[in-house]
Every structure is written in C-alpha cells, then in structure tokens.
file input.tsv (TSV, C-alpha atoms)
chain	number	residue	atom	x	y	z
A	226	MET	CA	42.12	-2.12	139.46
A	227	LYS	CA	44.56	-4.75	138.27
A	228	CYS	CA	44.08	-7.52	135.71
A	229	LYS	CA	43.29	-10.89	137.30
A	230	ASN	CA	46.03	-12.58	135.26
A	231	HIS	CA	48.64	-9.80	135.15
A	232	ARG	CA	48.95	-8.05	138.50
A	233	ASP	CA	51.22	-5.39	137.07
A	234	GLU	CA	48.74	-4.42	134.32
A	235	GLU	CA	45.80	-2.11	134.76
A	236	ALA	CA	42.44	-3.68	133.94
A	237	ARG	CA	40.61	-2.09	131.05
A	238	PHE	CA	37.55	-4.34	130.87
A	239	ILE	CA	35.32	-6.54	132.98
A	240	CYS	CA	34.78	-10.03	131.63
A	241	ASP	CA	31.10	-10.48	130.79
A	242	LYS	CA	31.33	-14.13	131.78
A	243	CYS	CA	33.24	-14.30	135.08
A	244	LYS	CA	32.92	-10.57	135.93
A	245	MET	CA	36.63	-10.31	136.70
A	246	PRO	CA	38.87	-7.39	135.67
A	247	ILE	CA	41.04	-8.06	132.62
A	248	CYS	CA	43.62	-6.16	130.61
A	249	GLU	CA	43.80	-5.67	126.86
A	250	GLN	CA	46.04	-8.72	126.42
A	251	CYS	CA	43.65	-11.04	128.26
A	252	SER	CA	40.48	-9.84	126.56
A	253	THR	CA	38.77	-10.93	123.39
A	254	GLU	CA	35.48	-10.05	121.77
A	255	LEU	CA	32.88	-12.77	121.42
A	256	ARG	CA	29.51	-11.95	119.86
A	257	GLY	CA	29.84	-8.33	120.85
A	258	ASN	CA	30.89	-9.05	124.45
A	259	LYS	CA	34.29	-8.67	126.09
A	260	VAL	CA	35.37	-11.93	127.70
A	261	CYS	CA	38.65	-13.19	129.08
A	262	ILE	CA	40.68	-15.86	127.34
A	263	ASN	CA	40.25	-18.17	130.34
A	264	CYS	CA	36.47	-18.21	129.91
A	265	VAL	CA	36.83	-18.80	126.18
A	266	ASP	CA	39.15	-21.77	126.77
A	267	HIS	CA	36.83	-23.14	129.43
A	268	ALA	CA	33.83	-22.91	127.10
A	269	VAL	CA	35.69	-24.60	124.24
A	270	TYR	CA	36.92	-27.50	126.36
A	271	ALA	CA	33.51	-27.88	127.98
A	272	GLU	CA	31.89	-28.22	124.56
A	273	ARG	CA	34.50	-30.76	123.49
A	274	ASP	CA	33.94	-32.79	126.65
A	275	ARG	CA	30.20	-32.68	126.08
A	276	ALA	CA	30.68	-33.85	122.51
A	277	LYS	CA	32.75	-36.81	123.69
A	278	LYS	CA	30.05	-37.83	126.17
A	279	ILE	CA	27.32	-38.24	123.55
A	280	GLY	CA	25.81	-41.66	124.06
A	281	PHE	CA	25.66	-44.56	121.64
A	282	TRP	CA	21.93	-44.25	121.02
A	283	ASN	CA	22.18	-40.56	120.16
A	284	LYS	CA	24.90	-41.35	117.65
A	285	PHE	CA	22.90	-44.25	116.24
A	286	ILE	CA	19.73	-42.16	115.87
A	287	PHE	CA	21.68	-39.40	114.16
A	288	PHE	CA	23.19	-41.97	111.78
A	289	ILE	CA	19.70	-43.18	110.85
A	290	PHE	CA	18.57	-39.61	110.18
A	291	ALA	CA	21.75	-38.91	108.20
A	292	CYS	CA	20.92	-41.82	105.90
A	293	ILE	CA	17.75	-39.97	104.87
A	294	PRO	CA	18.82	-36.90	102.87
A	295	GLY	CA	17.86	-33.74	104.72
A	296	ALA	CA	16.45	-35.44	107.83
A	297	ALA	CA	19.56	-34.99	109.98
A	298	HIS	CA	19.77	-31.33	109.00
A	299	MET	CA	16.20	-30.75	110.13
A	300	GLN	CA	16.95	-32.55	113.39
A	301	MET	CA	19.70	-29.98	113.99
A	302	GLY	CA	17.35	-27.11	113.20
A	303	LEU	CA	18.65	-26.51	109.67
A	304	PHE	CA	15.19	-26.76	108.13
A	305	LYS	CA	15.82	-24.74	104.96
A	306	ARG	CA	18.90	-26.75	104.01
A	307	GLY	CA	17.33	-30.05	105.05
A	308	MET	CA	14.10	-29.48	103.15
A	309	GLN	CA	15.99	-28.52	100.01
A	310	LEU	CA	18.13	-31.67	100.12
A	311	MET	CA	15.13	-33.90	100.84
A	312	LEU	CA	13.03	-32.43	98.03
A	313	THR	CA	15.98	-32.65	95.64
A	314	PHE	CA	16.60	-36.32	96.44
A	315	PHE	CA	13.04	-37.64	96.40
A	316	GLY	CA	11.85	-35.16	93.78
A	317	ALA	CA	14.56	-36.37	91.40
A	318	ILE	CA	13.43	-39.97	91.86
A	319	VAL	CA	9.78	-39.14	91.18
A	320	LEU	CA	10.47	-36.83	88.25
A	321	ILE	CA	12.93	-39.16	86.54
A	322	SER	CA	10.59	-42.12	87.03
A	323	TYR	CA	7.66	-40.27	85.46
A	324	ALA	CA	9.92	-39.19	82.61
A	325	ASN	CA	10.74	-42.87	81.87
A	326	VAL	CA	14.50	-42.31	82.18
A	327	GLU	CA	15.07	-44.50	85.24
A	328	SER	CA	18.62	-45.26	84.13
A	329	PHE	CA	19.55	-41.68	85.11
A	330	ILE	CA	18.35	-42.06	88.70
A	331	PRO	CA	21.78	-43.11	90.10
A	332	LEU	CA	23.40	-40.05	88.50
A	333	ALA	CA	21.00	-37.79	90.38
A	334	ILE	CA	20.54	-39.44	93.76
A	335	ILE	CA	23.97	-40.91	94.57
A	336	PRO	CA	25.85	-37.56	94.64
A	337	THR	CA	22.93	-35.97	96.52
A	338	TRP	CA	22.90	-38.73	99.12
A	339	PHE	CA	26.64	-38.60	99.79
A	340	PHE	CA	26.64	-34.80	99.96
A	341	SER	CA	23.74	-34.79	102.43
A	342	PHE	CA	25.27	-37.54	104.58
A	343	PHE	CA	28.70	-35.98	105.03
A	344	ASP	CA	27.36	-32.42	105.19
A	345	ALA	CA	25.11	-33.49	108.09
A	346	TYR	CA	28.06	-34.87	110.06
A	347	ASN	CA	30.16	-31.81	109.27
A	348	SER	CA	27.40	-29.49	110.50
A	349	ARG	CA	26.92	-31.60	113.62
A	350	LYS	CA	30.64	-31.47	114.38
A	351	LYS	CA	30.59	-27.67	114.19
A	352	GLN	CA	27.56	-27.42	116.46
A	353	LEU	CA	29.12	-29.70	119.08
A	354	VAL	CA	32.17	-27.44	119.45
A	355	GLY	CA	30.00	-24.36	119.79
A	356	GLU	CA	30.20	-22.97	116.26
A	357	VAL	CA	27.14	-21.31	114.78
A	358	VAL	CA	25.93	-23.16	111.68
A	359	GLU	CA	23.82	-20.98	109.42
A	360	ASP	CA	20.71	-22.48	107.86
A	361	ILE	CA	21.56	-21.71	104.24
A	362	GLU	CA	20.60	-23.52	101.06
A	363	ALA	CA	22.87	-26.29	99.81
A	364	TYR	CA	22.82	-24.82	96.31
A	365	ASN	CA	21.59	-21.61	94.76
A	366	TYR	CA	18.56	-21.79	92.47
A	367	GLU	CA	19.98	-18.87	90.53
A	368	PHE	CA	22.63	-21.23	89.15
A	369	ILE	CA	19.93	-23.28	87.42
A	370	VAL	CA	17.97	-20.26	86.23
A	371	SER	CA	21.06	-18.50	84.89
A	372	ASN	CA	22.02	-21.52	82.73
A	373	LYS	CA	18.83	-21.62	80.69
A	374	LYS	CA	20.46	-22.99	77.56
A	375	THR	CA	21.87	-25.98	79.40
A	376	LEU	CA	18.55	-26.50	81.16
A	377	GLY	CA	16.71	-26.43	77.84
A	378	LEU	CA	19.06	-28.96	76.26
A	379	VAL	CA	18.77	-31.28	79.27
A	380	LEU	CA	14.97	-31.12	79.15
A	381	VAL	CA	14.93	-31.92	75.43
A	382	LEU	CA	17.40	-34.79	75.86
A	383	PHE	CA	15.61	-36.33	78.84
A	384	GLY	CA	12.23	-35.86	77.22
A	385	PHE	CA	13.30	-37.44	73.94
A	386	ILE	CA	14.86	-40.46	75.65
A	387	GLY	CA	11.84	-40.80	77.93
A	388	PHE	CA	9.46	-40.65	74.97
A	389	LEU	CA	11.35	-43.39	73.14
A	390	ASN	CA	11.41	-45.53	76.28
A	391	ALA	CA	7.67	-45.07	76.77
A	392	ILE	CA	6.85	-46.15	73.23
A	393	ASP	CA	9.39	-48.97	73.05
A	394	SER	CA	8.63	-50.55	76.43
A	395	THR	CA	4.87	-50.39	75.91
A	396	PHE	CA	4.81	-52.10	72.54
A	397	SER	CA	7.56	-54.54	73.45
A	398	LEU	CA	5.47	-55.81	76.35
A	399	PHE	CA	2.01	-55.76	74.83
A	400	GLY	CA	2.53	-55.86	71.09
A	401	TYR	CA	1.37	-53.46	68.42
A	402	ASN	CA	-2.37	-53.15	68.87
A	403	VAL	CA	-4.78	-50.26	69.16
A	404	ASP	CA	-5.47	-50.83	72.85
A	405	ARG	CA	-1.85	-50.11	73.70
A	406	PHE	CA	-1.73	-46.70	72.02
A	407	TYR	CA	-3.59	-45.11	74.93
A	408	TRP	CA	-1.14	-46.58	77.44
A	409	ALA	CA	1.84	-45.48	75.38
A	410	ALA	CA	0.46	-41.96	74.98
A	411	LYS	CA	-0.20	-41.74	78.72
A	412	ARG	CA	3.38	-42.70	79.55
A	413	ALA	CA	4.72	-40.29	76.96
A	414	ILE	CA	2.96	-37.18	78.33
A	415	ILE	CA	5.66	-36.15	80.82
A	416	PRO	CA	8.54	-36.71	78.36
A	417	LEU	CA	6.68	-34.66	75.75
A	418	VAL	CA	6.21	-31.88	78.30
A	419	PHE	CA	9.97	-31.97	78.89
A	420	VAL	CA	10.68	-31.73	75.16
A	421	ILE	CA	8.20	-28.90	74.57
A	422	SER	CA	9.46	-26.98	77.62
A	423	GLY	CA	13.06	-27.38	76.52
A	424	LEU	CA	12.37	-26.33	72.94
A	425	THR	CA	10.33	-23.33	74.12
A	426	LEU	CA	13.12	-22.24	76.43
A	427	LEU	CA	15.74	-22.58	73.70
A	428	ALA	CA	13.54	-20.70	71.22
A	429	LYS	CA	13.09	-17.81	73.65
A	430	LEU	CA	16.82	-17.66	74.27
A	431	LYS	CA	17.54	-17.63	70.54
A	432	LYS	CA	14.99	-14.87	70.02
A	433	ALA	CA	16.48	-12.83	72.85
A	434	GLU	CA	20.00	-13.25	71.42
A	435	LYS	CA	18.76	-12.19	67.99
A	436	GLU	CA	17.15	-9.05	69.41
A	437	ILE	CA	20.33	-8.19	71.29
A	438	ASN	CA	22.44	-8.62	68.14
A	439	GLU	CA	20.06	-6.46	66.11
A	440	SER	CA	20.07	-3.71	68.73
A	441	THR	CA	23.87	-3.84	68.86
A	442	GLU	CA	24.16	-3.52	65.08
A	443	ASN	CA	21.79	-0.56	65.05
call {"tool": "encode", "arguments": {"input": "input.tsv", "output": "structure tokens"}}
result
Amino acid sequence: MKCKNHRDEEARFICDKCKMPICEQCSTELRGNKVCINCVDHAVYAERDRAKKIGFWNKFIFFIFACIPGAAHMQMGLFKRGMQLMLTFFGAIVLISYANVESFIPLAIIPTWFFSFFDAYNSRKKQLVGEVVEDIEAYNYEFIVSNKKTLGLVLVLFGFIGFLNAIDSTFSLFGYNVDRFYWAAKRAIIPLVFVISGLTLLAKLKKAEKEINESTEN
C-alpha cells in the first residue's frame, strides 16, 4: 500500500482523521494519534477561518467580560484562574478599604486589572487557533507563604498606617470628644489585627532562626 502523497513510498500508517495511507514523512503525532500533515494543515486553517468569522457582538461581549477581572477567563472555562483573579482584585479593594489605607488601592488593583485583561485575550487567541489552554492559577500561593518576613513587614506597615488614618480622620472630622473614641476604635480594629499578625509572624520567624542557629552551633 502506497502513501497517498508519495506514490513511490510504502505507507506505514493510516491517518486517524482521513483514514488514508501515509508514509513516515507525511505523518505526525497529535494527542497520541497518527495523522497526516494535510489534515493538520486543514484543521489549523479551519480554526483560523472560524476565528476570523467571530461576530461583532461576540467580540463586544467578550470585551465587557474582560473588563471585569476573572470574568472572561470563567467564560472560557478557566474557572480556577478566573476565580483567583476576581478574588484578588475585589478582595484587595475590600481589605485595603477596611484597613483604612485607601491610597494603596491603585497599587493593588491596576496591575491586577491589566494582567487579567490582556491574559484573557491571550488565552482566547490560543483557544481560537485550537491550542489547549490549561486552567492553572495566575500566581502560586507558595510564593506568598515562603516570603513570611516580607509578608510580616507589609502587614505591620499597612496596619500602622491604617491605624493612624483611622485615628486622624475620625478626630479631624468630629473633634476630640468621648463619643468619637468608640468610632475611632471600631475603625482601628482591622489595622490593629494587621499589626499584631505581622508582629507575631516576625516573632515566630526570629524564634525559628534563633533555634536553627543554636542547633548549628551545638
């Protein structure tokens, strides 16, 4: 049996797509199946043509979803990545607001928004040409956990600034009277939690380093 493209070559495989005999030169492996290069080219060009035919409304709807961090990813079936980006974006806004450090909101949400927006379009482009896009996390939580010292310092810094903002803004607006102490204390709870958490984390790290040094000396 001869190859369908090379009549002087013996066929070694049968294309799983078109079921025609093909030689070694004309064959390629795709997801564990032997297919001919003609079928591969046809599939690629078909996907490109389909991508070009996407209507205006589909593009517009995708743009709207892409403007909401994580939403476009979930629309494409990338739920893990999309949920992480959405929680990071909106969680940062809520957490920073409660910590009374609203001036830091742009530093947290602007990079997240741009990353989510362009990552969504990049993933969509890959899907339209037939590439498999894995639903993986945008960032690894281990990176945060492994940098405990930096995390502790950030918590202390944010908490301290938030505490000062809570006290200053409360008394600046309402004056120094007993009735305002409750309001100031209420606004200062989250910043104080940040400070205590950061100091606790740093203290544990220092204790662990001390124990390691003592064991090394012994």
call {"tool": "residues_around", "arguments": {"input": "input.tsv", "residues": "A:Cys243", "least_positions_apart": "3", "cutoff": "10 Å", "atoms": "only C-alpha atoms", "output": "JSON, numbers by chain"}}
result
{"A": [239, 240, 246, 260, 261, 263, 264]}
call {"tool": "atom_distance", "arguments": {"input": "input.tsv", "atom1": "atom CA of A:Val420", "atom2": "atom CA of A:Leu312"}}
result
23.0 Å
call {"tool": "residues_around", "arguments": {"input": "input.tsv", "residues": "stretch 321-323 of chain A", "least_positions_apart": "2", "cutoff": "12 Å", "atoms": "only C-alpha atoms", "output": "number ranges by chain"}}
result
A: 313-319, 325-334, 380, 383-384, 386-388, 390-391, 411-419
call {"tool": "residues_around", "arguments": {"input": "input.tsv", "residues": "stretch 293-302 of chain A", "least_positions_apart": "3", "cutoff": "7 Å", "atoms": "only C-alpha atoms", "output": "ChimeraX atom specification"}}
result
/A:287,290,306-308,310-311,314,338,341-342,345
call {"tool": "residues_around", "arguments": {"input": "input.tsv", "residues": "A:Leu427", "least_positions_apart": "6", "cutoff": "9 Å", "atoms": "all atoms listed in the file", "output": "list in words"}}
result
Lys373, Lys374, Leu376, Gly377 and Leu378 of chain A
call {"tool": "atom_distance", "arguments": {"input": "input.tsv", "atom1": "atom CA of A:Ile392", "atom2": "atom CA of A:Leu320"}}
result
18.0 Å
call {"tool": "residues_around", "arguments": {"input": "input.tsv", "residues": "A:Lys227", "least_positions_apart": "3", "cutoff": "8 Å", "atoms": "all atoms listed in the file", "output": "NGL selection string"}}
result
:A and (231-236 or 246-248)
call {"tool": "closest_residue", "arguments": {"input": "input.tsv", "among": "A:Ala363, A:Leu426, A:Ile286, A:Ile335", "to": "A:Val379", "atoms": "only C-alpha atoms"}}
result
A:Leu426
call {"tool": "atom_distance", "arguments": {"input": "input.tsv", "atom1": "atom CA of A:Ser422", "atom2": "atom CA of A:Glu436"}}
result
21.2 Å
call {"tool": "closest_residue", "arguments": {"input": "input.tsv", "among": "A:Thr441, A:Gly257, A:Lys350, A:Glu367", "to": "A:Lys284", "atoms": "all atoms listed in the file"}}
result
A:Lys350
call {"tool": "closest_residue", "arguments": {"input": "input.tsv", "among": "A:Ile289, A:Leu255, A:Leu424, A:Met226", "to": "A:Phe385", "atoms": "all atoms listed in the file"}}
result
A:Leu424
call {"tool": "decode", "arguments": {"input": "input.tsv", "residues": "stretch 284-295 of chain A", "atoms": "all heavy atoms", "output": "tab-separated table (two decimals), in the first residue's frame"}}
result
chain	number	residue	atom	x	y	z
A	284	LYS	N	-17.48	39.59	20.08
A	284	LYS	CA	-16.27	40.33	20.48
A	284	LYS	C	-16.60	41.38	21.54
A	284	LYS	O	-15.84	41.58	22.49
A	284	LYS	CB	-15.65	41.00	19.26
A	284	LYS	CG	-15.07	40.04	18.24
A	284	LYS	CD	-14.47	40.79	17.06
A	284	LYS	CE	-13.89	39.84	16.03
A	284	LYS	NZ	-13.33	40.56	14.86
A	285	PHE	N	-17.74	42.04	21.36
A	285	PHE	CA	-18.13	43.08	22.31
A	285	PHE	C	-18.43	42.49	23.68
A	285	PHE	O	-18.00	43.03	24.71
A	285	PHE	CB	-19.36	43.83	21.78
A	285	PHE	CG	-19.85	44.90	22.71
A	285	PHE	CD1	-19.15	46.09	22.85
A	285	PHE	CD2	-21.01	44.71	23.45
A	285	PHE	CE1	-19.60	47.09	23.71
A	285	PHE	CE2	-21.46	45.70	24.32
A	285	PHE	CZ	-20.76	46.89	24.45
A	286	ILE	N	-19.15	41.37	23.70
A	286	ILE	CA	-19.48	40.72	24.97
A	286	ILE	C	-18.21	40.24	25.67
A	286	ILE	O	-18.06	40.38	26.89
A	286	ILE	CB	-20.45	39.54	24.74
A	286	ILE	CG1	-21.82	40.07	24.30
A	286	ILE	CG2	-20.59	38.69	26.00
A	286	ILE	CD1	-22.78	38.99	23.86
A	287	PHE	N	-17.28	39.70	24.89
A	287	PHE	CA	-16.02	39.25	25.49
A	287	PHE	C	-15.26	40.44	26.06
A	287	PHE	O	-14.64	40.33	27.13
A	287	PHE	CB	-15.16	38.53	24.45
A	287	PHE	CG	-13.91	37.93	25.04
A	287	PHE	CD1	-13.94	36.68	25.63
A	287	PHE	CD2	-12.71	38.63	25.01
A	287	PHE	CE1	-12.79	36.13	26.19
A	287	PHE	CE2	-11.56	38.09	25.56
A	287	PHE	CZ	-11.61	36.84	26.15
A	288	PHE	N	-15.29	41.57	25.37
A	288	PHE	CA	-14.61	42.77	25.87
A	288	PHE	C	-15.20	43.21	27.21
A	288	PHE	O	-14.45	43.57	28.13
A	288	PHE	CB	-14.73	43.90	24.84
A	288	PHE	CG	-14.25	45.23	25.35
A	288	PHE	CD1	-12.89	45.51	25.43
A	288	PHE	CD2	-15.16	46.20	25.77
A	288	PHE	CE1	-12.44	46.73	25.90
A	288	PHE	CE2	-14.72	47.42	26.25
A	288	PHE	CZ	-13.35	47.69	26.32
A	289	ILE	N	-16.52	43.16	27.32
A	289	ILE	CA	-17.17	43.53	28.58
A	289	ILE	C	-16.73	42.60	29.70
A	289	ILE	O	-16.39	43.04	30.81
A	289	ILE	CB	-18.71	43.49	28.44
A	289	ILE	CG1	-19.17	44.53	27.40
A	289	ILE	CG2	-19.37	43.74	29.79
A	289	ILE	CD1	-18.83	45.96	27.75
A	290	PHE	N	-16.71	41.30	29.42
A	290	PHE	CA	-16.26	40.34	30.43
A	290	PHE	C	-14.79	40.55	30.78
A	290	PHE	O	-14.40	40.42	31.94
A	290	PHE	CB	-16.47	38.91	29.93
A	290	PHE	CG	-17.86	38.39	30.15
A	290	PHE	CD1	-18.71	38.17	29.08
A	290	PHE	CD2	-18.32	38.11	31.42
A	290	PHE	CE1	-19.99	37.69	29.28
A	290	PHE	CE2	-19.60	37.63	31.64
A	290	PHE	CZ	-20.44	37.42	30.56
A	291	ALA	N	-13.98	40.88	29.77
A	291	ALA	CA	-12.54	41.08	30.01
A	291	ALA	C	-12.29	42.28	30.91
A	291	ALA	O	-11.26	42.34	31.59
A	291	ALA	CB	-11.80	41.24	28.69
A	292	CYS	N	-13.20	43.24	30.90
A	292	CYS	CA	-13.05	44.42	31.75
A	292	CYS	C	-13.30	44.10	33.22
A	292	CYS	O	-12.95	44.90	34.10
A	292	CYS	CB	-14.00	45.53	31.29
A	292	CYS	SG	-13.53	46.27	29.71
A	293	ILE	N	-13.92	42.96	33.49
A	293	ILE	CA	-14.14	42.51	34.87
A	293	ILE	C	-13.10	41.42	35.16
A	293	ILE	O	-13.17	40.34	34.58
A	293	ILE	CB	-15.56	41.95	35.07
A	293	ILE	CG1	-16.60	42.97	34.62
A	293	ILE	CG2	-15.78	41.54	36.52
A	293	ILE	CD1	-18.01	42.42	34.59
A	294	PRO	N	-12.13	41.69	36.00
A	294	PRO	CA	-11.06	40.70	36.23
A	294	PRO	C	-11.59	39.31	36.56
A	294	PRO	O	-12.37	39.15	37.49
A	294	PRO	CB	-10.29	41.30	37.41
A	294	PRO	CG	-10.50	42.76	37.28
A	294	PRO	CD	-11.91	42.92	36.78
A	295	GLY	N	-11.16	38.34	35.77
A	295	GLY	CA	-11.54	36.95	36.00
A	295	GLY	C	-12.78	36.50	35.28
A	295	GLY	O	-12.96	35.30	35.05
